[in-house]
Every structure is written in C-alpha cells, then in structure tokens.
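Asks: One structure follows; several queries about it will come next.
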Amino acid sequence: MPSVDLPLEQCVTYRPDLPEPEDFDAFWSGTLAAPPGEGASVRPVFTETGTGLPQVRVYDVSVPGHAGRPVRGWLRMPAGTDGPLGCVVEFLGYGRGRGLAHENLLWACAGYAHLVMDTRGQGWSAAVGATADTDAGGAGTTPGFLTRGIESPETYYYRRIVTDAVRCVEAMREHPAVDPARIVVTGVSQGGGLALAVSGLVPSLAGVMPDVPFLCNFPRAARITSLPPYTEIASYLRLHRDRTASVFRTLSYFDGAHHAARATAPALFSIAMMDEVCPPSTCFTAYNRYGGPKQVEVYEFNGHEGGTTHHQRRQLTWVRELFATMTPG
C-alpha cells in the first residue's frame, strides 16, 4: 500500500494552525457542571454478575452520564485481591458496544481494575444492556453519528459522549477497590479520541494511551479521507453547502488536538502511517500538541488496525512501569 498521507519526517513536526473557540474552556466547564435532569440517577451502580470465570470478578455497571442518564459498562477485576487497584478505563471504537461480560480480560488478568464504557447509541439493542442515545436527533444529519446535532456545540452528539467518559473516570475514582491516583484512560480510534478529551478535562490522571486516535484535526481529516467515519462530514456538507463554517466551528469544541494541549499526564500514543481511516497527520496533530510527557509508537506499514496485540504488550509494560513509580493511595 502506498503512503496515504504526509511522510513520517513531516508528521513529527506537523503543527497546523487550528482555530480554537475563545470559549472552549467555558463551554466544557459549563457542560460538566450542569446538573442532572429531573429524576436522573445520581450514583453509579455496580452489580456483580456470574461469568463462570473464577479468577475474574465482573460487574454490570451503570454510571450517571450526560444529564444524569445511565451509561452502561463492564467492570472487571482480578478475584481475591486486597488493597486499592490501579485502574484502566477504556473507551471503544466507532460503532462498538461493550460486548459480553466474559470478553476483554487482558487488564484484569494483569492485576488491574478495568472499566469498559458502552458508547451511547452505538452498542447492541437495549435488550442486551446497551446504552441508548435518548437525545439523538438534529436536523439534516447523514447516516452515522458524526453529524448528529452538529448544528451547534450544545446539541452535538459527542458532547454527550465526552461527558459520559468523564463521569466514568469520576465513578472509578470513587470506587472503594480503586486507587484514585492510579487511573489510566485508553482507547482505539474513537476510543483514543475520547481518551484525549478526558486527558484535557480530568486533572491528575496517571496516564493516557490513545491508539490511532479519531476526532483529531477535523478540517484536514474531512478533506483528505475517503473512508468512513470522517466521510460523514463531507456527505453532510455536500447536502448543506452553506454550513461549512458553522460545522467546523462546532467540531472545534471536540477536537482532540485542543484537549491534548491541556493535558498533563504521561501519554503513550500509537500511530499507523498507512491509516486511511484516521490519517497519521491528524493523529500527529494531537501528539505534537500534547501538553504532558509523551511517547509514540509508530507502525510504519500498518493501517487503522495499528499495533494490535503487539502494541498491547507495549502498553502492559508501560502501565506496569508507570504505576511502579507511584505510591498506592
């Protein structure tokens, strides 16, 4: 496969001038300070569920997310452990739900608490415990999630999802089995973009691991990418020719590059140079702006799959060494 974007030597210094809203910080502080809706739940609920796996304890989770509406998840922890655990909070890729209780055991087997957040509207049906997006809508949206409510930052779909992600981290900080000082956020693609958003909105994280992150440098991604999901933006603007400026203004409140600039926690990125879904220049936009200590693993000949299990091995080492330098709370 030929190169899909800028060469690596240009990506490592790529720092485009991205317009940032003057009220970016006020928008997010107001969003996160908003009270829950009437009748909304106010506390997380953790209900242990049987899986037939005696070495792992699994909990069906409901966290009050945006407007207090419940967001589902799975919390997995090693059985028989004492003392507060380090914790990995994971956000999922585009179109994925939390799956089944016995899936995704890597981090629990490594000795950590592991919360996987369901992404509202993107999982399975409510019958199997998915999180509904009850605020779905927005005039003139195209199929998919990327243009839902894009008419304004206040109605945009990812305002709800980012808020959900922040609430999940807050819920784990309050969990009695978790050390609140040792929480790492991670995710692949959409999940990596959400990890970046959380990195700029939640203080004192232990670490951040964004893999081939989505939701970064929207103006470039929408103009050079020929594969979904970024093509949803172009499809929308083909129909609404007079909304280009307003659409990119809305998206600027959710750009992972702006959130990354506010981050302070150590970060381990992964970027794939033949990624046609999240072009490497857009991922490097966030990496080059990242405000905390940072490292990046570059997979020169991989596409959007990135480093997969090879990179997971790198992450396991990175998290172990990161937590080893910290005194458990």
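Here's how to read the names in the structure tokens: chain A, B, ... by the order shown, residue numbers from 1 in each chain, ligand numbers from 1 in the order shown.
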Pick out the residues sitting within 10 Å of His66 of chain A, and hand them over as a list in words; count only C-alpha atoms, and ignore anything fewer than 6 positions along from it in its own chain.
Replies: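 The neighbour list is Thr31, Leu32, Ala34, Pro35, Pro36, Gly37, Ala40, Arg159, Arg160, Ile161, Val162, Thr163, Asp164, Ala165, Val166 and Arg167 of chain A.
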Asks: Counting only C-alpha atoms, what is within 6 Å of segment 172-182 of chain A, bar same-chain residues fewer than 5 positions away, as a list of chain:residue names?
Replies: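 Residues meeting the cut-off are A:Pro84, A:Leu85, A:Gly86, A:Ala206, A:Gly329.
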Asks: Those residues with N, CA and C atoms, as a compact mmCIF listing (two decimals), in the first residue's frame please?
Replies:
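Result written to part.txt:
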```txt
# COMPACT_ATOMS: atom_id res chain seq x y z
N PRO A 84 -6.25 -1.15 47.28
CA PRO A 84 -6.70 -0.41 46.09
C PRO A 84 -5.91 -0.83 44.85
N LEU A 85 -6.61 -0.98 43.75
CA LEU A 85 -6.03 -1.41 42.49
C LEU A 85 -5.78 -0.23 41.56
N GLY A 86 -4.73 -0.32 40.77
CA GLY A 86 -4.63 0.55 39.62
C GLY A 86 -5.76 0.24 38.67
N ALA A 206 -3.26 9.36 35.93
CA ALA A 206 -1.94 8.74 35.99
C ALA A 206 -1.33 8.60 34.60
N GLY A 329 -2.45 4.75 46.80
CA GLY A 329 -3.22 5.59 47.70
C GLY A 329 -3.84 4.80 48.83
```
Asks: Closest to Val319 of chain A among A:Ser246, A:Thr186, A:Thr51, A:Thr13, using only C-alpha atoms?
Replies: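 Of A:Ser246, A:Thr186, A:Thr51, A:Thr13, the one nearest Val319 of chain A is A:Thr186, counting only C-alpha atoms.
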Asks: I'd like the contact shell of segment 229-238 of chain A - 8 Å cut-off, only C-alpha atoms, skipping same-chain residues fewer than 5 positions apart - returned as a PDB file with C-alpha atoms, in the first residue's frame.
Replies:
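What follows is the written file part16.pdb:
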```
ATOM      1  CA  GLY A 140     -30.357  17.110   8.337  1.00  0.00           C
ATOM      2  CA  THR A 141     -27.980  14.516   9.758  1.00  0.00           C
ATOM      3  CA  THR A 142     -26.447  11.898   7.496  1.00  0.00           C
ATOM      4  CA  PRO A 143     -26.266   8.199   8.458  1.00  0.00           C
ATOM      5  CA  GLY A 144     -23.874   7.558  11.353  1.00  0.00           C
ATOM      6  CA  LEU A 146     -20.550  12.128  13.406  1.00  0.00           C
ATOM      7  CA  THR A 147     -23.122  14.723  12.314  1.00  0.00           C
ATOM      8  CA  PHE A 218     -11.370  17.567  11.741  1.00  0.00           C
ATOM      9  CA  ALA A 221      -9.446  14.667   8.092  1.00  0.00           C
ATOM     10  CA  ALA A 222     -12.719  15.572   6.388  1.00  0.00           C
ATOM     11  CA  ARG A 223     -10.870  16.858   3.325  1.00  0.00           C
ATOM     12  CA  ARG A 243     -22.844  25.281   6.625  1.00  0.00           C
ATOM     13  CA  THR A 244     -19.127  24.595   6.231  1.00  0.00           C
ATOM     14  CA  VAL A 277      -9.383   5.985   8.423  1.00  0.00           C
TER      15      VAL A 277
END
```
Asks: When DSSP works through the backbone of this structure, what residues of segment 13-139 of chain A end up as strand (DSSP E), shown as a PyMOL selection string?
Replies: chain A and resi 45-49+56-64+70-78+85-91+113-117
